[in-house]
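Peer 1: mmCIF, C-alpha atoms and all ligand atoms, file run_8.cif:
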data_coords
loop_
_atom_site.group_PDB
_atom_site.id
_atom_site.type_symbol
_atom_site.label_atom_id
_atom_site.label_comp_id
_atom_site.auth_asym_id
_atom_site.auth_seq_id
_atom_site.Cartn_x
_atom_site.Cartn_y
_atom_site.Cartn_z
ATOM 1 C CA MET A 1 311.187 223.451 124.137
ATOM 2 C CA HIS A 2 308.272 223.365 121.748
ATOM 3 C CA PHE A 3 308.170 222.952 117.962
ATOM 4 C CA GLU A 4 305.427 222.460 115.381
ATOM 5 C CA PHE A 5 305.593 221.336 111.758
ATOM 6 C CA GLN A 6 302.906 221.024 109.098
ATOM 7 C CA VAL A 7 302.694 217.931 106.881
ATOM 8 C CA GLU A 8 301.021 217.869 103.469
ATOM 9 C CA GLY A 9 299.249 214.657 102.472
ATOM 10 C CA GLY A 10 300.323 213.276 99.110
ATOM 11 C CA ASN A 11 303.447 215.433 98.825
ATOM 12 C CA PHE A 12 306.253 212.852 98.746
ATOM 13 C CA SER A 13 308.863 215.377 97.656
ATOM 14 C CA LYS A 14 308.632 216.994 101.103
ATOM 15 C CA ALA A 15 308.325 213.756 103.110
ATOM 16 C CA GLY A 16 310.947 213.677 105.850
ATOM 17 C CA THR A 17 311.435 217.454 106.101
ATOM 18 C CA ALA A 18 310.246 217.662 109.696
ATOM 19 C CA SER A 19 312.352 214.643 110.687
ATOM 20 C CA SER A 20 315.404 216.222 109.136
ATOM 21 C CA GLN A 21 314.835 219.511 110.983
ATOM 22 C CA LEU A 22 314.253 217.752 114.282
ATOM 23 C CA LYS A 23 317.474 215.783 113.793
ATOM 24 C CA LYS A 24 319.392 219.066 113.454
ATOM 25 C CA ILE A 25 317.731 220.491 116.571
ATOM 26 C CA LEU A 26 318.553 217.394 118.645
ATOM 27 C CA LYS A 27 322.176 217.488 117.481
ATOM 28 C CA GLN A 28 322.438 221.122 118.548
ATOM 29 C CA LEU A 29 321.007 220.150 121.939
ATOM 30 C CA ASN A 30 323.751 217.502 122.230
ATOM 31 C CA VAL A 31 321.265 214.670 122.607
ATOM 32 C CA ASP A 32 322.996 211.258 122.560
ATOM 33 C CA SER A 33 323.321 209.985 118.983
ATOM 34 C CA ARG A 34 321.610 206.683 119.832
ATOM 35 C CA ASP A 35 318.580 208.602 121.076
ATOM 36 C CA ILE A 36 318.597 210.797 117.971
ATOM 37 C CA LYS A 37 318.539 207.654 115.814
ATOM 38 C CA ARG A 38 315.447 206.316 117.586
ATOM 39 C CA VAL A 39 313.616 209.641 117.378
ATOM 40 C CA VAL A 40 314.412 210.048 113.697
ATOM 41 C CA VAL A 41 313.137 206.579 112.721
ATOM 42 C CA ALA A 42 309.925 207.009 114.716
ATOM 43 C CA LEU A 43 309.133 210.518 113.476
ATOM 44 C CA TYR A 44 310.006 209.753 109.849
ATOM 45 C CA GLU A 45 307.615 206.798 109.756
ATOM 46 C CA ALA A 46 304.796 208.807 111.325
ATOM 47 C CA GLU A 47 305.466 211.727 108.982
ATOM 48 C CA VAL A 48 305.413 209.481 105.896
ATOM 49 C CA ASN A 49 302.194 207.869 107.097
ATOM 50 C CA VAL A 50 300.498 211.274 106.970
ATOM 51 C CA VAL A 51 301.917 211.854 103.475
ATOM 52 C CA ALA A 52 300.950 208.374 102.230
ATOM 53 C CA HIS A 53 297.622 207.814 103.967
ATOM 54 C CA ALA A 54 296.114 211.155 105.119
ATOM 55 C CA TYR A 55 295.231 214.631 103.787
ATOM 56 C CA GLN A 56 297.161 216.896 106.114
ATOM 57 C CA GLY A 57 298.629 216.895 109.559
ATOM 58 C CA VAL A 58 300.530 218.699 112.248
ATOM 59 C CA ILE A 59 303.520 217.491 114.264
ATOM 60 C CA ILE A 60 303.764 218.847 117.802
ATOM 61 C CA ILE A 61 307.040 218.290 119.637
ATOM 62 C CA ASP A 62 307.973 218.962 123.272
ATOM 63 C CA ILE A 63 311.518 218.365 124.462
ATOM 64 C CA ASP A 64 312.981 218.604 127.948
ATOM 65 C CA THR A 65 316.245 217.300 129.406
ATOM 66 C CA GLU A 66 314.861 213.807 130.016
ATOM 67 C CA LYS A 67 312.523 213.036 127.148
ATOM 68 C CA ILE A 68 310.877 213.969 123.893
ATOM 69 C CA ARG A 69 307.146 213.807 123.357
ATOM 70 C CA ILE A 70 305.797 213.889 119.791
ATOM 71 C CA ARG A 71 302.170 214.114 118.682
ATOM 72 C CA ILE A 72 301.189 213.700 115.033
ATOM 73 C CA GLU A 73 297.573 214.634 114.427
ATOM 74 C CA ASP A 74 296.106 214.288 110.968
ATOM 75 C CA GLU A 75 292.920 214.797 109.041
ATOM 76 C CA GLY A 76 292.406 211.730 106.907
ATOM 77 C CA PRO A 77 290.518 208.480 106.451
ATOM 78 C CA GLY A 78 291.507 207.174 109.888
ATOM 79 C CA ILE A 79 292.336 203.563 110.762
ATOM 80 C CA LYS A 80 289.541 201.015 111.139
ATOM 81 C CA ASP A 81 291.457 198.332 113.054
ATOM 82 C CA ILE A 82 294.482 199.712 114.874
ATOM 83 C CA ASP A 83 295.693 196.311 116.161
ATOM 84 C CA LEU A 84 295.736 195.036 112.578
ATOM 85 C CA ALA A 85 297.519 198.176 111.326
ATOM 86 C CA MET A 86 300.230 197.660 113.962
ATOM 87 C CA GLN A 87 301.071 194.199 112.578
ATOM 88 C CA GLN A 88 304.166 193.964 110.430
ATOM 89 C CA GLY A 89 303.202 193.464 106.780
ATOM 90 C CA PHE A 90 299.742 195.019 106.954
ATOM 91 C CA SER A 91 299.356 197.866 104.469
ATOM 92 C CA THR A 92 296.620 199.574 102.498
ATOM 93 C CA ALA A 93 299.121 201.650 100.481
ATOM 94 C CA SER A 94 298.165 202.359 96.871
ATOM 95 C CA GLU A 95 299.949 200.712 93.954
ATOM 96 C CA LEU A 96 301.719 203.985 93.182
ATOM 97 C CA VAL A 97 303.005 204.329 96.749
ATOM 98 C CA ARG A 98 304.192 200.686 96.718
ATOM 99 C CA GLU A 99 306.135 201.211 93.525
ATOM 100 C CA MET A 100 308.141 203.867 95.353
ATOM 101 C CA GLY A 101 309.104 201.253 97.937
ATOM 102 C CA PHE A 102 306.665 202.361 100.622
ATOM 103 C CA GLY A 103 303.855 200.081 101.763
ATOM 104 C CA ALA A 104 305.841 197.254 103.353
ATOM 105 C CA GLY A 105 303.697 197.558 106.446
ATOM 106 C CA MET A 106 306.772 198.167 108.564
ATOM 107 C CA GLY A 107 306.303 201.823 109.522
ATOM 108 C CA LEU A 108 304.138 201.415 112.628
ATOM 109 C CA PRO A 109 306.270 198.433 113.847
ATOM 110 C CA ASN A 110 309.365 200.641 113.376
ATOM 111 C CA ILE A 111 307.725 203.328 115.518
ATOM 112 C CA LYS A 112 306.854 200.756 118.178
ATOM 113 C CA ASN A 113 310.445 199.432 118.238
ATOM 114 C CA ASN A 114 311.978 202.864 118.685
ATOM 115 C CA THR A 115 309.727 204.463 121.302
ATOM 116 C CA ASP A 116 309.165 203.961 125.028
ATOM 117 C CA GLU A 117 305.477 204.790 124.786
ATOM 118 C CA LEU A 118 303.191 204.741 121.758
ATOM 119 C CA THR A 119 299.465 205.433 121.565
ATOM 120 C CA VAL A 120 297.564 205.410 118.287
ATOM 121 C CA THR A 121 293.974 206.642 118.286
ATOM 122 C CA SER A 122 291.801 207.136 115.272
ATOM 123 C CA GLU A 123 288.326 207.983 114.113
ATOM 124 C CA VAL A 124 287.318 206.571 110.740
ATOM 125 C CA GLY A 125 286.460 209.375 108.332
ATOM 126 C CA LYS A 126 288.111 212.028 110.527
ATOM 127 C CA GLY A 127 291.753 211.319 111.242
ATOM 128 C CA THR A 128 294.494 209.692 113.268
ATOM 129 C CA ASN A 129 296.542 210.752 116.302
ATOM 130 C CA VAL A 130 299.897 209.175 117.039
ATOM 131 C CA HIS A 131 301.452 210.022 120.409
ATOM 132 C CA MET A 132 304.946 208.844 121.209
ATOM 133 C CA LEU A 133 307.449 209.311 123.978
ATOM 134 C CA ILE A 134 311.152 208.589 123.984
ATOM 135 C CA ASN A 135 313.190 208.831 127.204
ATOM 136 C CA PHE A 136 316.738 210.034 126.685
ATOM 137 C CA SER A 137 319.393 207.592 127.836
ATOM 138 C CA ILE A 138 321.282 210.128 129.979
ATOM 139 C CA MET B 1 337.283 201.372 102.896
ATOM 140 C CA ASN B 2 335.864 204.643 101.611
ATOM 141 C CA VAL B 3 333.353 205.296 98.836
ATOM 142 C CA LYS B 4 335.981 206.254 96.284
ATOM 143 C CA GLU B 5 337.939 203.018 96.768
ATOM 144 C CA ILE B 6 334.772 200.937 96.402
ATOM 145 C CA ALA B 7 333.828 202.859 93.255
ATOM 146 C CA GLU B 8 337.238 202.160 91.718
ATOM 147 C CA LYS B 9 337.344 198.482 92.683
ATOM 148 C CA LEU B 10 333.824 197.747 91.413
ATOM 149 C CA ASN B 11 333.862 200.028 88.404
ATOM 150 C CA LEU B 12 330.967 202.186 89.647
ATOM 151 C CA LYS B 13 330.055 205.527 88.109
ATOM 152 C CA VAL B 14 329.820 208.461 90.503
ATOM 153 C CA LEU B 15 326.581 210.193 89.490
ATOM 154 C CA SER B 16 326.291 212.825 92.231
ATOM 155 C CA GLY B 17 327.386 213.768 95.740
ATOM 156 C CA ALA B 18 331.098 213.613 94.882
ATOM 157 C CA SER B 19 331.948 215.682 97.980
ATOM 158 C CA GLY B 20 331.191 212.550 100.032
ATOM 159 C CA LEU B 21 333.625 210.229 98.241
ATOM 160 C CA SER B 22 335.828 210.054 101.331
ATOM 161 C CA ASN B 23 332.910 208.741 103.478
ATOM 162 C CA GLU B 24 333.963 205.538 105.225
ATOM 163 C CA ILE B 25 331.787 202.483 104.492
ATOM 164 C CA SER B 26 331.199 200.157 107.457
ATOM 165 C CA PHE B 27 329.088 197.523 105.661
ATOM 166 C CA GLY B 28 326.173 197.282 103.240
ATOM 167 C CA TYR B 29 322.385 196.998 103.289
ATOM 168 C CA ALA B 30 320.346 195.888 100.279
ATOM 169 C CA SER B 31 316.614 196.588 100.061
ATOM 170 C CA ASP B 32 314.031 198.299 97.884
ATOM 171 C CA LEU B 33 311.572 198.696 100.765
ATOM 172 C CA LEU B 34 312.097 202.075 102.386
ATOM 173 C CA SER B 35 310.749 201.214 105.837
ATOM 174 C CA ASP B 36 312.994 198.142 105.886
ATOM 175 C CA VAL B 37 316.013 200.387 105.378
ATOM 176 C CA MET B 38 314.679 202.904 107.902
ATOM 177 C CA GLY B 39 314.276 200.190 110.522
ATOM 178 C CA ASN B 40 317.316 198.031 109.856
ATOM 179 C CA ALA B 41 320.197 199.819 108.076
ATOM 180 C CA LYS B 42 322.987 201.152 110.293
ATOM 181 C CA SER B 43 324.890 204.402 110.025
ATOM 182 C CA GLY B 44 327.942 204.270 107.772
ATOM 183 C CA GLU B 45 326.497 201.540 105.567
ATOM 184 C CA VAL B 46 326.200 201.693 101.793
ATOM 185 C CA TRP B 47 322.647 201.127 100.505
ATOM 186 C CA ILE B 48 322.131 199.034 97.370
ATOM 187 C CA THR B 49 318.759 199.593 95.688
ATOM 188 C CA LEU B 50 316.847 200.116 92.466
ATOM 189 C CA GLN B 51 314.751 202.979 93.873
ATOM 190 C CA THR B 52 315.680 206.202 92.085
ATOM 191 C CA HIS B 53 313.568 208.931 93.716
ATOM 192 C CA LYS B 54 314.292 211.687 96.215
ATOM 193 C CA ASN B 55 312.958 209.859 99.284
ATOM 194 C CA VAL B 56 315.992 207.567 99.025
ATOM 195 C CA MET B 57 318.220 210.534 99.851
ATOM 196 C CA ALA B 58 315.962 211.661 102.709
ATOM 197 C CA ILE B 59 316.415 208.229 104.275
ATOM 198 C CA ALA B 60 320.141 208.036 103.491
ATOM 199 C CA SER B 61 320.613 211.381 105.218
ATOM 200 C CA LEU B 62 318.421 210.618 108.244
ATOM 201 C CA LYS B 63 320.227 207.270 108.728
ATOM 202 C CA ASP B 64 323.727 208.729 108.131
ATOM 203 C CA LEU B 65 324.425 206.237 105.334
ATOM 204 C CA ALA B 66 327.763 206.502 103.496
ATOM 205 C CA ALA B 67 326.474 206.218 99.911
ATOM 206 C CA VAL B 68 323.756 204.749 97.682
ATOM 207 C CA ILE B 69 324.476 202.322 94.832
ATOM 208 C CA LEU B 70 321.884 201.975 92.068
ATOM 209 C CA VAL B 71 322.035 198.640 90.278
ATOM 210 C CA SER B 72 321.389 197.549 86.673
ATOM 211 C CA GLY B 73 322.540 200.887 85.255
ATOM 212 C CA LEU B 74 319.667 202.855 86.810
ATOM 213 C CA GLN B 75 319.905 206.644 86.967
ATOM 214 C CA PRO B 76 318.641 208.872 89.825
ATOM 215 C CA GLU B 77 315.769 211.258 89.168
ATOM 216 C CA SER B 78 317.034 214.837 89.008
ATOM 217 C CA ASP B 79 315.788 215.841 92.476
ATOM 218 C CA MET B 80 317.436 212.747 93.957
ATOM 219 C CA ALA B 81 320.761 213.755 92.391
ATOM 220 C CA ALA B 82 320.307 217.338 93.622
ATOM 221 C CA GLN B 83 319.723 216.223 97.208
ATOM 222 C CA SER B 84 322.698 213.860 96.995
ATOM 223 C CA ASP B 85 324.889 216.851 96.064
ATOM 224 C CA GLU B 86 323.429 218.954 98.891
ATOM 225 C CA GLU B 87 323.951 216.266 101.517
ATOM 226 C CA GLY B 88 327.314 215.064 100.238
ATOM 227 C CA ILE B 89 326.049 211.481 100.096
ATOM 228 C CA PRO B 90 327.256 209.980 96.806
ATOM 229 C CA VAL B 91 324.954 208.147 94.412
ATOM 230 C CA LEU B 92 326.861 205.536 92.416
ATOM 231 C CA SER B 93 325.677 203.377 89.555
ATOM 232 C CA SER B 94 326.603 199.818 88.672
ATOM 233 C CA SER B 95 325.934 198.285 85.272
ATOM 234 C CA GLU B 96 325.602 194.898 87.009
ATOM 235 C CA ASP B 97 322.417 193.475 88.501
ATOM 236 C CA ALA B 98 321.865 193.476 92.259
ATOM 237 C CA PHE B 99 322.911 189.842 92.864
ATOM 238 C CA THR B 100 326.227 190.152 91.054
ATOM 239 C CA LEU B 101 327.132 193.557 92.489
ATOM 240 C CA ILE B 102 326.212 192.636 96.046
ATOM 241 C CA GLY B 103 328.265 189.452 95.832
ATOM 242 C CA LYS B 104 331.390 191.411 94.918
ATOM 243 C CA LEU B 105 330.669 194.129 97.446
ATOM 244 C CA TYR B 106 330.255 191.563 100.209
ATOM 245 C CA GLU B 107 333.690 190.127 99.488
ATOM 246 C CA LEU B 108 335.194 193.597 99.877
ATOM 247 C CA LEU B 109 333.325 194.613 103.021
ATOM 248 C CA LYS B 110 332.949 191.374 105.013
ATOM 249 C CA LYS B 111 334.662 191.403 108.382
HETATM 250 N N1 LIG C 1 298.025 208.412 109.488
HETATM 251 C C1 LIG C 1 297.335 207.383 108.977
HETATM 252 N N2 LIG C 1 296.108 207.574 108.445
HETATM 253 C C2 LIG C 1 295.403 206.536 107.928
HETATM 254 N N3 LIG C 1 295.841 205.276 107.909
HETATM 255 C C3 LIG C 1 297.057 205.017 108.425
HETATM 256 C C4 LIG C 1 297.865 206.052 108.988
HETATM 257 N N4 LIG C 1 299.012 205.490 109.438
HETATM 258 C C5 LIG C 1 298.921 204.183 109.173
HETATM 259 N N5 LIG C 1 297.747 203.886 108.571
HETATM 260 C C6 LIG C 1 297.265 202.551 108.169
HETATM 261 O O1 LIG C 1 298.065 201.555 108.793
HETATM 262 C C7 LIG C 1 298.710 200.742 107.801
HETATM 263 C C8 LIG C 1 300.071 200.292 108.300
HETATM 264 O O2 LIG C 1 300.941 201.437 108.480
HETATM 265 P P1 LIG C 1 302.519 201.197 108.387
HETATM 266 O O3 LIG C 1 303.173 202.509 108.524
HETATM 267 O O4 LIG C 1 302.914 200.124 109.344
HETATM 268 O O5 LIG C 1 302.713 200.598 106.920
HETATM 269 P P2 LIG C 1 302.606 201.344 105.512
HETATM 270 O O6 LIG C 1 302.595 202.815 105.719
HETATM 271 O O7 LIG C 1 301.452 200.764 104.766
HETATM 272 O O8 LIG C 1 303.957 200.885 104.794
HETATM 273 P P3 LIG C 1 305.457 201.348 105.207
HETATM 274 O O9 LIG C 1 305.352 202.193 106.426
HETATM 275 O O10 LIG C 1 306.209 200.071 105.449
HETATM 276 O O11 LIG C 1 305.958 202.089 104.021
HETATM 277 C C9 LIG C 1 298.737 201.618 106.564
HETATM 278 O O12 LIG C 1 298.864 200.879 105.358
HETATM 279 C C10 LIG C 1 297.374 202.318 106.667
HETATM 280 O O13 LIG C 1 296.344 201.454 106.296
HETATM 281 MG MG MG C 2 304.068 203.703 106.910
#
Kindly present the structure from the file in structure tokens form.
Peer 2:
Amino acid sequence: MHFEFQVEGGNFSKAGTASSQLKKILKQLNVDSRDIKRVVVALYEAEVNVVAHAYQGVIIIDIDTEKIRIRIEDEGPGIKDIDLAMQQGFSTASELVREMGFGAGMGLPNIKNNTDELTVTSEVGKGTNVHMLINFSI
Amino acid sequence: MNVKEIAEKLNLKVLSGASGLSNEISFGYASDLLSDVMGNAKSGEVWITLQTHKNVMAIASLKDLAAVILVSGLQPESDMAAQSDEEGIPVLSSSEDAFTLIGKLYELLKK
């Protein structure tokens, strides 16, 4: 099964929409609730990163009986040092974004903790691609 | 204990999402950092915070939280209240500060 969602950079009022829709889809597919929880945390963080740090993006999702593969590809400033960005506590979030309670530098670590495979690639000045895979437990 | 019982015991105002007052509360999680809640709160918990915008409800819904308590008399922004009504996840308000409220809440919910 294949799904795609658009994400608008800067639009916090819509942040989490794709995650919420995917959660509904996975429930309908009777995916184990523990797996749904992992998927939701990982996708939400990646979705919010596009909203908080990039201009626009697309979420591409492929689901089969054993696993879910999610790609988030954005146009944005990109990430200069991916190893540094992956460290808990590292954030370049703006003051405004921090006041909302984002910018703890925990999003990418949350994605790492909830996925079986994670690859982040980025080109400064162009954009960022986040590829993740979660194997279902049954 | 459900949300309604907690609201009565701690003198909390129900500001929105009243259809979820029978939600059972397993425990609590206190944080104003959204990714901290996303990563560490567990379903059925009540979230204590001073964040008052709509993204709080997006997270509460995605994490299947029982309710949100705003401390120090804070009020939700209107789109936060609207989403709380839609999702049936109550937003409650305490006139007490976080430390005092959480202390009382812990006594009620500790196992
Ligand atoms: N899609 C992206 N485009 C550009 N930079 C990004 C992107 N995703 C992450 N980053 C960079 O990596 C840093 C760390 O990301 P991470 O999600 O861990 O934390 P955060 O978004 O700053 O805060 P939090 O997720 O805790 O609210 C960001 O501050 C930003 O500099
Ligand atoms: Mg983030």
Peer 1: Using all atoms listed in the file, which protein or nucleic acid residues are at most 9 Å from ligand LIG 1 (chain C), as JSON, numbers by chain?
Peer 2: {"A": [45, 46, 47, 48, 49, 50, 51, 52, 53, 54, 55, 57, 72, 73, 74, 75, 76, 77, 78, 79, 80, 81, 82, 84, 85, 86, 87, 88, 89, 90, 91, 92, 93, 94, 97, 98, 101, 102, 103, 104, 105, 106, 107, 108, 109, 110, 111, 120, 122, 124, 127, 128, 129, 130], "B": [33, 34, 35, 36]}
Peer 1: Looking at all atoms listed in the file, which of B:Ser61, B:Thr100, B:Ser95, B:Ser84 is the one that sits closest to Leu21 of chain B?
Peer 2: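 Nearest candidate to Leu21 of chain B out of B:Ser61, B:Thr100, B:Ser95, B:Ser84: B:Ser84.
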Peer 1: Atom CA of Tyr106 of chain B and atom CA of Glu87 of chain B are how many Å apart?
Peer 2: 25.5 Å
Peer 1: So how far away is atom CA of Leu74 of chain B from atom CA of Glu8 of chain B, in Å?
Peer 2: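 About the pair atom CA of Glu8 of chain B and atom CA of Leu74 of chain B: they are 18.3 Å apart.
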Peer 1: Can you list, as JSON, numbers by chain, every protein, DNA or RNA residue that comes within 9 Å of Ala15 of chain A when you count all atoms listed in the file, leaving out same-chain residues fewer than 4 positions away?
Peer 2: {"A": [7, 8, 10, 11, 19, 44, 47, 48, 51], "B": [55, 58]}
Peer 1: Calculate how many Å separate atom CA of Val37 of chain B from atom CA of Lys112 of chain A, rounding to one decimal.
Peer 2: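 We find that atom CA of Val37 of chain B and atom CA of Lys112 of chain A lie 15.7 Å from each other.
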Peer 1: Applied to this file, what does the PyMOL selection byres ((chain B) within 10 of (chain A)) return in terms of residues, put as a ChimeraX atom specification?
Peer 2: /B:31-36,38-40,42-43,50-59,61-64,79-80
Peer 1: I'd like the neighbourhood of Ala30 of chain B as a ChimeraX atom specification, where a residue qualifies if any of its atoms comes within 10 Å (using only C-alpha atoms), though same-chain residues fewer than 4 positions away should be ignored.
Peer 2: /B:36-37,41,45-50,68-69,98-99,102
Peer 1: Using all atoms listed in the file, find the one residue out of A:Ile63, A:Ile138, A:Leu118, A:Leu43 that sits nearest to ligand MG 2 (chain C).
Peer 2: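 Nearest candidate to ligand MG 2 (chain C) out of A:Ile63, A:Ile138, A:Leu118, A:Leu43: A:Leu43.
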Peer 1: Could you check the closest approach to Leu15 of chain B for each of B:Lys111, B:Gly73, B:Gly44, B:Leu105 and tell me which residue wins, using only C-alpha atoms?
Peer 2: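 Ranking B:Lys111, B:Gly73, B:Gly44, B:Leu105 by distance to Leu15 of chain B, first place goes to B:Gly73.
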